[in-house]
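Visitor: Input file: entry-v4.cif. Contents: mmCIF, C-alpha atoms.
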data_model
#
loop_
_atom_site.group_PDB
_atom_site.id
_atom_site.type_symbol
_atom_site.label_atom_id
_atom_site.label_comp_id
_atom_site.auth_asym_id
_atom_site.auth_seq_id
_atom_site.Cartn_x
_atom_site.Cartn_y
_atom_site.Cartn_z
ATOM 1 C CA MET A 11 -78.976 53.842 36.119
ATOM 2 C CA ALA A 12 -76.411 53.717 33.370
ATOM 3 C CA ASN A 13 -77.934 54.032 29.930
ATOM 4 C CA ASN A 14 -75.875 54.179 26.786
ATOM 5 C CA ASN A 15 -78.859 54.483 24.482
ATOM 6 C CA ILE A 16 -79.398 58.260 24.575
ATOM 7 C CA ILE A 17 -79.377 59.839 21.125
ATOM 8 C CA THR A 18 -79.118 63.590 20.523
ATOM 9 C CA GLU A 19 -79.804 65.108 17.107
ATOM 10 C CA GLY A 20 -79.651 68.843 16.413
ATOM 11 C CA ASP A 21 -82.154 70.885 18.377
ATOM 12 C CA ARG A 22 -84.533 67.973 18.857
ATOM 13 C CA SER A 23 -85.010 66.601 22.346
ATOM 14 C CA PRO A 24 -82.629 63.772 23.301
ATOM 15 C CA ARG A 25 -84.269 60.362 23.071
ATOM 16 C CA ILE A 26 -83.692 56.893 24.444
ATOM 17 C CA ILE A 27 -83.929 53.752 22.320
ATOM 18 C CA LEU A 28 -85.048 50.574 24.106
ATOM 19 C CA HIS A 29 -84.973 47.125 22.561
ATOM 20 C CA GLU A 30 -85.568 43.518 23.551
ATOM 21 C CA PRO A 31 -84.253 40.222 22.150
ATOM 22 C CA THR A 32 -87.163 39.389 19.825
ATOM 23 C CA GLY A 33 -86.674 42.674 17.945
ATOM 24 C CA SER A 34 -89.308 45.092 19.203
ATOM 25 C CA THR A 35 -88.158 48.651 19.984
ATOM 26 C CA VAL A 36 -89.385 51.711 21.856
ATOM 27 C CA GLU A 37 -88.253 55.335 21.533
ATOM 28 C CA VAL A 38 -88.718 57.758 24.432
ATOM 29 C CA LEU A 39 -88.116 61.513 24.429
ATOM 30 C CA LEU A 40 -86.560 63.038 27.534
ATOM 31 C CA TYR A 41 -88.880 65.973 26.801
ATOM 32 C CA GLY A 42 -92.124 64.947 28.500
ATOM 33 C CA ALA A 43 -90.837 61.368 29.061
ATOM 34 C CA GLN A 44 -92.987 60.715 26.012
ATOM 35 C CA VAL A 45 -92.943 57.391 24.187
ATOM 36 C CA ILE A 46 -92.967 58.337 20.483
ATOM 37 C CA SER A 47 -92.557 54.911 18.866
ATOM 38 C CA TRP A 48 -93.281 51.277 19.667
ATOM 39 C CA LYS A 49 -92.495 48.771 16.942
ATOM 40 C CA ASN A 50 -93.216 45.071 17.257
ATOM 41 C CA GLN A 51 -90.973 42.177 16.223
ATOM 42 C CA ARG A 52 -92.083 42.635 12.597
ATOM 43 C CA ARG A 53 -91.119 46.327 12.765
ATOM 44 C CA GLU A 54 -94.775 47.422 12.529
ATOM 45 C CA GLU A 55 -95.478 50.711 14.302
ATOM 46 C CA ILE A 56 -98.209 50.371 16.926
ATOM 47 C CA LEU A 57 -98.436 54.032 17.943
ATOM 48 C CA PHE A 58 -99.748 56.905 15.842
ATOM 49 C CA MET A 59 -97.614 59.978 15.131
ATOM 50 C CA SER A 60 -99.003 63.039 13.367
ATOM 51 C CA ASN A 61 -97.349 63.824 10.060
ATOM 52 C CA LYS A 62 -97.371 67.473 11.186
ATOM 53 C CA ALA A 63 -95.908 66.819 14.648
ATOM 54 C CA VAL A 64 -93.655 69.623 15.936
ATOM 55 C CA TRP A 65 -90.424 68.192 17.299
ATOM 56 C CA LYS A 66 -88.986 71.323 18.856
ATOM 57 C CA PRO A 67 -89.800 72.216 22.492
ATOM 58 C CA PRO A 68 -91.796 73.823 24.003
ATOM 59 C CA GLN A 69 -94.487 72.415 21.678
ATOM 60 C CA PRO A 70 -95.771 69.002 22.854
ATOM 61 C CA VAL A 71 -95.415 66.222 20.273
ATOM 62 C CA ARG A 72 -98.725 65.117 18.717
ATOM 63 C CA GLY A 73 -98.723 61.325 18.991
ATOM 64 C CA GLY A 74 -97.141 58.469 20.925
ATOM 65 C CA ILE A 75 -97.966 58.470 24.653
ATOM 66 C CA PRO A 76 -97.950 61.921 26.296
ATOM 67 C CA ILE A 77 -98.220 61.996 30.100
ATOM 68 C CA CYS A 78 -100.990 64.305 31.357
ATOM 69 C CA PHE A 79 -100.158 65.523 34.891
ATOM 70 C CA PRO A 80 -101.137 67.046 37.312
ATOM 71 C CA GLN A 81 -104.286 67.761 35.324
ATOM 72 C CA PHE A 82 -106.098 65.932 32.545
ATOM 73 C CA ALA A 83 -107.509 68.112 29.732
ATOM 74 C CA ASN A 84 -109.119 71.233 31.192
ATOM 75 C CA PHE A 85 -110.382 69.513 34.371
ATOM 76 C CA GLY A 86 -108.816 72.314 36.448
ATOM 77 C CA THR A 87 -107.143 75.707 36.115
ATOM 78 C CA LEU A 88 -103.768 74.664 34.656
ATOM 79 C CA GLU A 89 -102.738 74.523 31.016
ATOM 80 C CA GLN A 90 -104.411 71.828 28.886
ATOM 81 C CA HIS A 91 -103.274 68.369 30.093
ATOM 82 C CA GLY A 92 -100.972 69.877 32.758
ATOM 83 C CA PHE A 93 -97.291 70.706 32.439
ATOM 84 C CA ALA A 94 -95.457 67.360 32.763
ATOM 85 C CA ARG A 95 -95.550 66.774 28.991
ATOM 86 C CA ASN A 96 -93.845 70.156 28.453
ATOM 87 C CA ARG A 97 -90.869 69.623 30.747
ATOM 88 C CA LEU A 98 -87.441 68.087 30.228
ATOM 89 C CA TRP A 99 -87.165 64.985 32.400
ATOM 90 C CA THR A 100 -83.972 63.376 33.695
ATOM 91 C CA LEU A 101 -82.815 59.797 34.051
ATOM 92 C CA ASP A 102 -83.881 58.460 37.461
ATOM 93 C CA GLU A 103 -80.781 57.185 39.224
ATOM 94 C CA ASP A 104 -82.745 55.711 42.138
ATOM 95 C CA PRO A 105 -86.098 54.230 41.082
ATOM 96 C CA SER A 106 -86.544 52.338 44.376
ATOM 97 C CA PRO A 107 -88.654 50.720 45.640
ATOM 98 C CA LEU A 108 -88.926 49.288 42.118
ATOM 99 C CA PRO A 109 -86.236 46.645 41.543
ATOM 100 C CA ALA A 110 -83.207 47.391 39.395
ATOM 101 C CA VAL A 111 -83.637 46.405 35.748
ATOM 102 C CA ASN A 112 -81.752 45.970 32.489
ATOM 103 C CA SER A 113 -81.317 49.411 30.916
ATOM 104 C CA GLN A 114 -81.395 47.996 27.378
ATOM 105 C CA SER A 115 -85.123 47.309 27.642
ATOM 106 C CA ASN A 116 -86.134 49.708 30.467
ATOM 107 C CA ALA A 117 -85.977 53.439 31.098
ATOM 108 C CA ASP A 118 -86.585 55.148 34.443
ATOM 109 C CA LEU A 119 -87.309 58.868 34.126
ATOM 110 C CA LEU A 120 -87.936 61.543 36.750
ATOM 111 C CA LEU A 121 -89.577 64.969 36.895
ATOM 112 C CA LYS A 122 -89.283 67.142 40.007
ATOM 113 C CA SER A 123 -91.277 70.300 40.660
ATOM 114 C CA THR A 124 -89.390 73.535 39.930
ATOM 115 C CA GLU A 125 -89.818 76.971 41.458
ATOM 116 C CA ASP A 126 -91.654 78.039 38.285
ATOM 117 C CA ASP A 127 -94.030 75.070 38.567
ATOM 118 C CA LEU A 128 -94.783 75.999 42.173
ATOM 119 C CA LYS A 129 -96.110 79.377 40.997
ATOM 120 C CA THR A 130 -98.889 77.691 39.005
ATOM 121 C CA TRP A 131 -99.309 74.499 41.068
ATOM 122 C CA PRO A 132 -98.033 75.066 44.646
ATOM 123 C CA PHE A 133 -97.114 71.491 45.582
ATOM 124 C CA ARG A 134 -93.712 69.803 45.641
ATOM 125 C CA PHE A 135 -93.758 66.445 43.906
ATOM 126 C CA GLU A 136 -91.629 63.824 42.209
ATOM 127 C CA LEU A 137 -93.178 62.168 39.164
ATOM 128 C CA ARG A 138 -91.489 58.997 37.975
ATOM 129 C CA ILE A 139 -92.160 56.676 35.106
ATOM 130 C CA ARG A 140 -90.691 53.287 34.262
ATOM 131 C CA ILE A 141 -91.006 52.265 30.611
ATOM 132 C CA THR A 142 -90.375 48.605 29.769
ATOM 133 C CA VAL A 143 -90.444 46.855 26.407
ATOM 134 C CA SER A 144 -90.763 43.074 26.221
ATOM 135 C CA ALA A 145 -91.936 40.641 23.532
ATOM 136 C CA GLY A 146 -95.314 41.973 22.347
ATOM 137 C CA LYS A 147 -95.703 44.276 25.364
ATOM 138 C CA LEU A 148 -95.070 47.852 26.447
ATOM 139 C CA THR A 149 -95.453 48.602 30.164
ATOM 140 C CA LEU A 150 -95.548 52.041 31.802
ATOM 141 C CA ILE A 151 -95.479 52.464 35.577
ATOM 142 C CA PRO A 152 -96.160 56.071 36.646
ATOM 143 C CA ARG A 153 -95.535 57.056 40.262
ATOM 144 C CA VAL A 154 -96.261 60.310 42.066
ATOM 145 C CA ARG A 155 -94.534 61.064 45.371
ATOM 146 C CA ASN A 156 -95.612 63.896 47.663
ATOM 147 C CA VAL A 157 -92.436 65.614 48.913
ATOM 148 C CA ASP A 158 -94.374 68.585 50.299
ATOM 149 C CA ASN A 159 -95.569 69.167 53.866
ATOM 150 C CA LYS A 160 -99.224 69.225 52.788
ATOM 151 C CA ALA A 161 -101.524 66.835 50.939
ATOM 152 C CA PHE A 162 -102.430 67.402 47.305
ATOM 153 C CA THR A 163 -104.751 65.992 44.670
ATOM 154 C CA PHE A 164 -104.167 65.489 40.953
ATOM 155 C CA THR A 165 -105.690 63.977 37.844
ATOM 156 C CA LEU A 166 -103.577 62.012 35.407
ATOM 157 C CA ALA A 167 -103.768 60.203 32.087
ATOM 158 C CA LEU A 168 -101.511 58.247 29.788
ATOM 159 C CA ARG A 169 -102.776 59.451 26.400
ATOM 160 C CA ASN A 170 -102.250 56.494 24.078
ATOM 161 C CA TYR A 171 -102.358 57.459 20.402
ATOM 162 C CA PHE A 172 -102.819 54.142 18.598
ATOM 163 C CA SER A 173 -102.248 53.589 14.899
ATOM 164 C CA VAL A 174 -105.265 51.885 13.305
ATOM 165 C CA SER A 175 -106.028 50.796 9.733
ATOM 166 C CA ASP A 176 -109.251 52.827 9.478
ATOM 167 C CA VAL A 177 -110.957 54.267 12.559
ATOM 168 C CA SER A 178 -114.408 53.708 11.039
ATOM 169 C CA GLU A 179 -113.653 49.965 10.810
ATOM 170 C CA VAL A 180 -112.263 49.293 14.305
ATOM 171 C CA ARG A 181 -114.216 48.579 17.468
ATOM 172 C CA VAL A 182 -113.561 48.913 21.178
ATOM 173 C CA GLU A 183 -114.664 46.191 23.590
ATOM 174 C CA GLY A 184 -114.904 46.489 27.369
ATOM 175 C CA LEU A 185 -116.709 49.823 27.821
ATOM 176 C CA GLU A 186 -120.268 48.688 27.068
ATOM 177 C CA THR A 187 -122.988 49.528 29.652
ATOM 178 C CA LEU A 188 -120.662 51.975 31.455
ATOM 179 C CA ASP A 189 -121.353 55.596 32.360
ATOM 180 C CA TYR A 190 -119.295 58.260 30.624
ATOM 181 C CA LEU A 191 -118.818 62.031 30.664
ATOM 182 C CA ASP A 192 -119.276 63.505 27.184
ATOM 183 C CA ASN A 193 -116.768 66.322 26.766
ATOM 184 C CA MET A 194 -118.583 67.438 23.620
ATOM 185 C CA LEU A 195 -121.784 68.006 25.629
ATOM 186 C CA LYS A 196 -120.522 69.971 28.649
ATOM 187 C CA ARG A 197 -119.482 66.771 30.436
ATOM 188 C CA GLU A 198 -123.028 65.511 30.741
ATOM 189 C CA ARG A 199 -123.189 61.984 32.098
ATOM 190 C CA TYR A 200 -124.569 59.250 29.834
ATOM 191 C CA THR A 201 -124.663 55.450 29.803
ATOM 192 C CA GLU A 202 -123.098 53.552 26.893
ATOM 193 C CA GLN A 203 -125.821 51.660 25.005
ATOM 194 C CA ALA A 204 -123.755 49.982 22.275
ATOM 195 C CA ASP A 205 -122.639 46.345 22.470
ATOM 196 C CA ALA A 206 -119.269 47.459 21.128
ATOM 197 C CA ILE A 207 -118.107 50.978 20.387
ATOM 198 C CA THR A 208 -117.561 51.900 16.739
ATOM 199 C CA PHE A 209 -116.740 55.283 15.235
ATOM 200 C CA ASP A 210 -118.527 57.419 12.650
ATOM 201 C CA GLY A 211 -117.830 60.931 13.960
ATOM 202 C CA GLU A 212 -115.980 62.959 16.580
ATOM 203 C CA ILE A 213 -115.754 61.360 20.025
ATOM 204 C CA ASP A 214 -114.393 62.767 23.303
ATOM 205 C CA ARG A 215 -115.571 60.757 26.303
ATOM 206 C CA VAL A 216 -114.330 59.859 29.774
ATOM 207 C CA TYR A 217 -115.647 56.374 30.636
ATOM 208 C CA LEU A 218 -115.986 55.892 34.394
ATOM 209 C CA SER A 219 -115.091 52.964 36.660
ATOM 210 C CA THR A 220 -113.832 50.949 33.718
ATOM 211 C CA PRO A 221 -112.525 47.360 33.802
ATOM 212 C CA THR A 222 -108.812 46.651 34.068
ATOM 213 C CA LYS A 223 -108.805 45.365 30.470
ATOM 214 C CA ILE A 224 -110.042 47.101 27.287
ATOM 215 C CA ALA A 225 -109.424 46.031 23.688
ATOM 216 C CA ILE A 226 -109.243 47.738 20.283
ATOM 217 C CA ILE A 227 -110.053 45.198 17.566
ATOM 218 C CA ASP A 228 -108.568 46.072 14.160
ATOM 219 C CA HIS A 229 -109.745 43.372 11.723
ATOM 220 C CA GLU A 230 -107.949 44.795 8.707
ATOM 221 C CA ARG A 231 -104.579 44.577 10.445
ATOM 222 C CA LYS A 232 -105.589 41.257 12.014
ATOM 223 C CA ARG A 233 -104.545 42.476 15.408
ATOM 224 C CA THR A 234 -106.072 43.473 18.706
ATOM 225 C CA ILE A 235 -104.466 46.014 21.025
ATOM 226 C CA VAL A 236 -105.175 45.175 24.658
ATOM 227 C CA LEU A 237 -104.878 47.836 27.370
ATOM 228 C CA ARG A 238 -104.532 46.563 30.936
ATOM 229 C CA LYS A 239 -104.384 49.104 33.724
ATOM 230 C CA GLU A 240 -104.173 49.485 37.487
ATOM 231 C CA GLY A 241 -104.678 52.586 39.624
ATOM 232 C CA MET A 242 -106.358 54.501 36.779
ATOM 233 C CA VAL A 243 -110.040 53.628 36.923
ATOM 234 C CA ASP A 244 -111.237 55.793 34.028
ATOM 235 C CA ALA A 245 -110.631 55.451 30.289
ATOM 236 C CA VAL A 246 -110.777 58.200 27.672
ATOM 237 C CA LEU A 247 -111.740 57.737 24.014
ATOM 238 C CA TRP A 248 -110.845 60.543 21.616
ATOM 239 C CA ASN A 249 -110.859 61.087 17.883
ATOM 240 C CA PRO A 250 -111.293 64.598 16.435
ATOM 241 C CA TRP A 251 -112.827 63.456 13.098
ATOM 242 C CA ASP A 252 -112.537 65.568 9.951
ATOM 243 C CA LYS A 253 -113.639 69.101 10.895
ATOM 244 C CA LYS A 254 -111.787 69.244 14.203
ATOM 245 C CA ALA A 255 -108.679 67.645 12.633
ATOM 246 C CA LYS A 256 -108.489 70.511 10.115
ATOM 247 C CA ALA A 257 -108.509 72.988 13.013
ATOM 248 C CA ILE A 258 -105.594 71.330 14.860
ATOM 249 C CA PRO A 259 -102.362 72.863 13.459
ATOM 250 C CA ASP A 260 -100.078 69.918 14.273
ATOM 251 C CA LEU A 261 -102.449 67.225 12.967
ATOM 252 C CA GLY A 262 -102.736 66.321 9.285
ATOM 253 C CA ASP A 263 -106.201 66.814 7.755
ATOM 254 C CA GLU A 264 -106.609 63.076 7.105
ATOM 255 C CA ASP A 265 -104.709 61.829 10.177
ATOM 256 C CA TYR A 266 -107.921 61.178 12.103
ATOM 257 C CA ASN A 267 -108.600 58.214 9.789
ATOM 258 C CA THR A 268 -105.653 56.214 11.129
ATOM 259 C CA MET A 269 -105.590 57.149 14.831
ATOM 260 C CA LEU A 270 -107.554 56.433 17.977
ATOM 261 C CA CYS A 271 -106.761 57.610 21.489
ATOM 262 C CA LEU A 272 -107.611 55.215 24.302
ATOM 263 C CA ASP A 273 -106.206 56.550 27.563
ATOM 264 C CA ALA A 274 -105.713 55.050 30.997
ATOM 265 C CA ALA A 275 -106.827 57.856 33.301
ATOM 266 C CA ALA A 276 -107.812 58.993 36.776
ATOM 267 C CA VAL A 277 -110.162 61.913 36.105
ATOM 268 C CA GLU A 278 -113.558 61.759 37.804
ATOM 269 C CA ASN A 279 -112.157 61.249 41.309
ATOM 270 C CA PRO A 280 -108.800 63.046 41.684
ATOM 271 C CA ILE A 281 -106.092 61.102 43.501
ATOM 272 C CA ASN A 282 -105.174 62.445 46.939
ATOM 273 C CA ILE A 283 -101.782 61.755 48.501
ATOM 274 C CA LYS A 284 -100.468 62.873 51.857
ATOM 275 C CA PRO A 285 -96.910 64.069 52.576
ATOM 276 C CA CYS A 286 -94.292 61.323 52.049
ATOM 277 C CA GLU A 287 -96.834 59.053 50.349
ATOM 278 C CA GLU A 288 -96.459 57.637 46.856
ATOM 279 C CA TRP A 289 -99.188 56.720 44.374
ATOM 280 C CA ARG A 290 -98.441 54.089 41.750
ATOM 281 C CA GLY A 291 -100.291 53.156 38.558
ATOM 282 C CA ARG A 292 -99.575 50.648 35.824
ATOM 283 C CA GLN A 293 -100.426 50.333 32.166
ATOM 284 C CA GLU A 294 -99.593 47.318 30.032
ATOM 285 C CA LEU A 295 -100.194 47.404 26.280
ATOM 286 C CA SER A 296 -100.052 44.142 24.365
ATOM 287 C CA ILE A 297 -100.700 42.965 20.834
ATOM 288 C CA VAL A 298 -102.780 39.862 20.173
ATOM 289 C CA SER A 299 -103.311 38.347 16.743
ATOM 290 C CA SER A 300 -106.965 38.862 15.820
ATOM 291 C CA SER A 301 -107.114 35.280 14.595
ATOM 292 C CA TYR A 302 -107.545 34.596 18.322
ATOM 293 C CA PHE A 303 -111.033 36.087 18.000
ATOM 294 C CA SER A 304 -113.498 34.270 15.747
ATOM 295 C CA GLY A 305 -116.872 35.321 14.390
ATOM 296 C CA GLN A 306 -118.962 37.624 16.516
ATOM 297 C CA LEU A 307 -116.730 39.065 19.184
ATOM 298 C CA ASP A 308 -117.742 38.179 22.696
ATOM 299 C CA PRO A 309 -116.764 41.100 24.983
ATOM 300 C CA HIS A 310 -116.485 38.746 27.956
ATOM 301 C CA LYS A 311 -113.994 36.623 26.023
ATOM 302 C CA VAL A 312 -111.953 39.706 25.165
ATOM 303 C CA ILE A 313 -112.020 41.037 28.698
ATOM 304 C CA ASN A 314 -111.772 37.795 30.637
ATOM 305 C CA GLY A 315 -110.288 35.289 28.238
ATOM 306 C CA LEU A 316 -106.937 36.855 27.376
ATOM 307 C CA ARG A 317 -104.022 35.951 29.580
#
Hey, can you dump this file as structure tokens for me?
Guide:
Amino acid sequence: MANNNIITEGDRSPRIILHEPTGSTVEVLLYGAQVISWKNQRREEILFMSNKAVWKPPQPVRGGIPICFPQFANFGTLEQHGFARNRLWTLDEDPSPLPAVNSQSNADLLLKSTEDDLKTWPFRFELRIRITVSAGKLTLIPRVRNVDNKAFTFTLALRNYFSVSDVSEVRVEGLETLDYLDNMLKRERYTEQADAITFDGEIDRVYLSTPTKIAIIDHERKRTIVLRKEGMVDAVLWNPWDKKAKAIPDLGDEDYNTMLCLDAAAVENPINIKPCEEWRGRQELSIVSSSYFSGQLDPHKVINGLR
């Protein structure tokens, strides 16, 4: 895949700039295959980036969309969120069986297991991601191929750091009545009681068997961020709030006010793939004007009514 959009600056990781005809842009680091910016046609940034983010490897970048593989969080024995976000990826010259695409608005990236990786996680894999920007949409298609002679299991998440006007004023629709694991309470299992989820303190939950569509409604910005997903049945909500934010070195003390993580994830039931098999997921983020929603928000309208 020829791509003339790679930019290298100093000792920062090379990055790829994607753009589409209506004016929205996406920036992707080769380090971690991490999306670090998504701006809409009006040049408004949709993703959150810490004002204390460290841009020099091997530190992961705090913000954007890190890829957590082959382990989410500390659900296993590997480093937090696995090692894929701390590796330099390459351009994928052969993304088949996905069709060939325009490299101005798409990037195909590839991570293969190294001998060092095999010491900590003894399975040979190829992890691919296709990143596509289109009018009002950002699509990520992660794929994991087993190139070993034995089956393996993994957990995975696309950690979406969204920029919000004020986290205490936004609400999340689509997770009501669902069970969740509360990471702040030793992963105890609870059932969500709220009609819509709002935020007034630290939250770190894995919602289980979630719908394919979840929405973050941000009235102040008059926009709704819609997450559609396939192959990743769980969803993670995270915000560190004030005390935890102060303890995170690469997060500004007040950054928690303007961020919310809503992740597409496969956590509770690890994915198992046999030799030569490939798993594929999909995440589509889109922006909808909140004027679409009127009065009291109807979760069923949010989840079922958007096309």
Visitor: Suppose a student applies the PyMOL selection byres ((chain A and resi 281) around 7) to this structure; what residues should they get, written as a PDB file with C-alpha atoms, in the frame of the given file?
Guide:
ATOM      1  CA  THR A 163    -104.751  65.992  44.670  1.00  0.00           C
ATOM      2  CA  PHE A 164    -104.167  65.489  40.953  1.00  0.00           C
ATOM      3  CA  THR A 165    -105.690  63.977  37.844  1.00  0.00           C
ATOM      4  CA  ASN A 279    -112.157  61.249  41.309  1.00  0.00           C
ATOM      5  CA  PRO A 280    -108.800  63.046  41.684  1.00  0.00           C
ATOM      6  CA  ASN A 282    -105.174  62.445  46.939  1.00  0.00           C
ATOM      7  CA  ILE A 283    -101.782  61.755  48.501  1.00  0.00           C
TER       8      ILE A 283
END
Visitor: May I ask which of the residues A:Asp214, A:Glu288, A:Asp265, A:Glu30 is the closest one to Lys196 (chain A), counting only C-alpha atoms?
Guide: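 Comparing A:Asp214, A:Glu288, A:Asp265, A:Glu30 against Lys196 (chain A), the winner is A:Asp214.
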Visitor: Once the PyMOL selection byres ((chain A and resi 139) around 8) has been evaluated on this model, what residues remain selected, and can you format them as a VMD selection string?
Guide: chain A and resid 43 118 to 120 137 to 138 140 to 141 150 to 153
Visitor: What does the distance from CA of Thr208 (chain A) to CA of Val143 (chain A) come to in Å, to one decimal?
Guide: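 The value is 29.2 Å.
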Visitor: List the spatial neighbours of Gln90 (chain A) as a PyMOL selection string - criterion: any atom at most 9 Å away, all atoms listed in the file, same-chain residues fewer than 5 positions off excluded.
Guide: chain A and resi 78+81-85
Visitor: Set the distance at 7 Å and use all atoms listed in the file: which residues neighbour Ser299 (chain A) once local chain neighbours fewer than 5 positions away are removed? I'd like the list as a list in words.
Guide: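 In the requested form, the answer reads Lys232, Arg233 and Thr234 of chain A.
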Visitor: Of the candidates A:Gly146, A:Asn267, A:Val45, A:Glu278, which one gets nearest to Arg197 (chain A) if we count all atoms listed in the file?
Guide: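 Checking each candidate against Arg197 (chain A), we get A:Glu278 as the closest.
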Visitor: Please identify all polymer residues within 9 Å of region 57-65 of chain A, counting all atoms listed in the file, omitting same-chain residues fewer than 2 positions from it, and present them as an NGL selection string.
Guide: :A and (21-23 or 45-49 or 55 or 67-75 or 170-174 or 259-262 or 265 or 268-270)
Visitor: Expanded to explicit residues, what is the PyMOL selection byres ((chain A and resi 206) around 6) for this file, as a PyMOL selection string?
Guide: chain A and resi 182-183+204-205+207
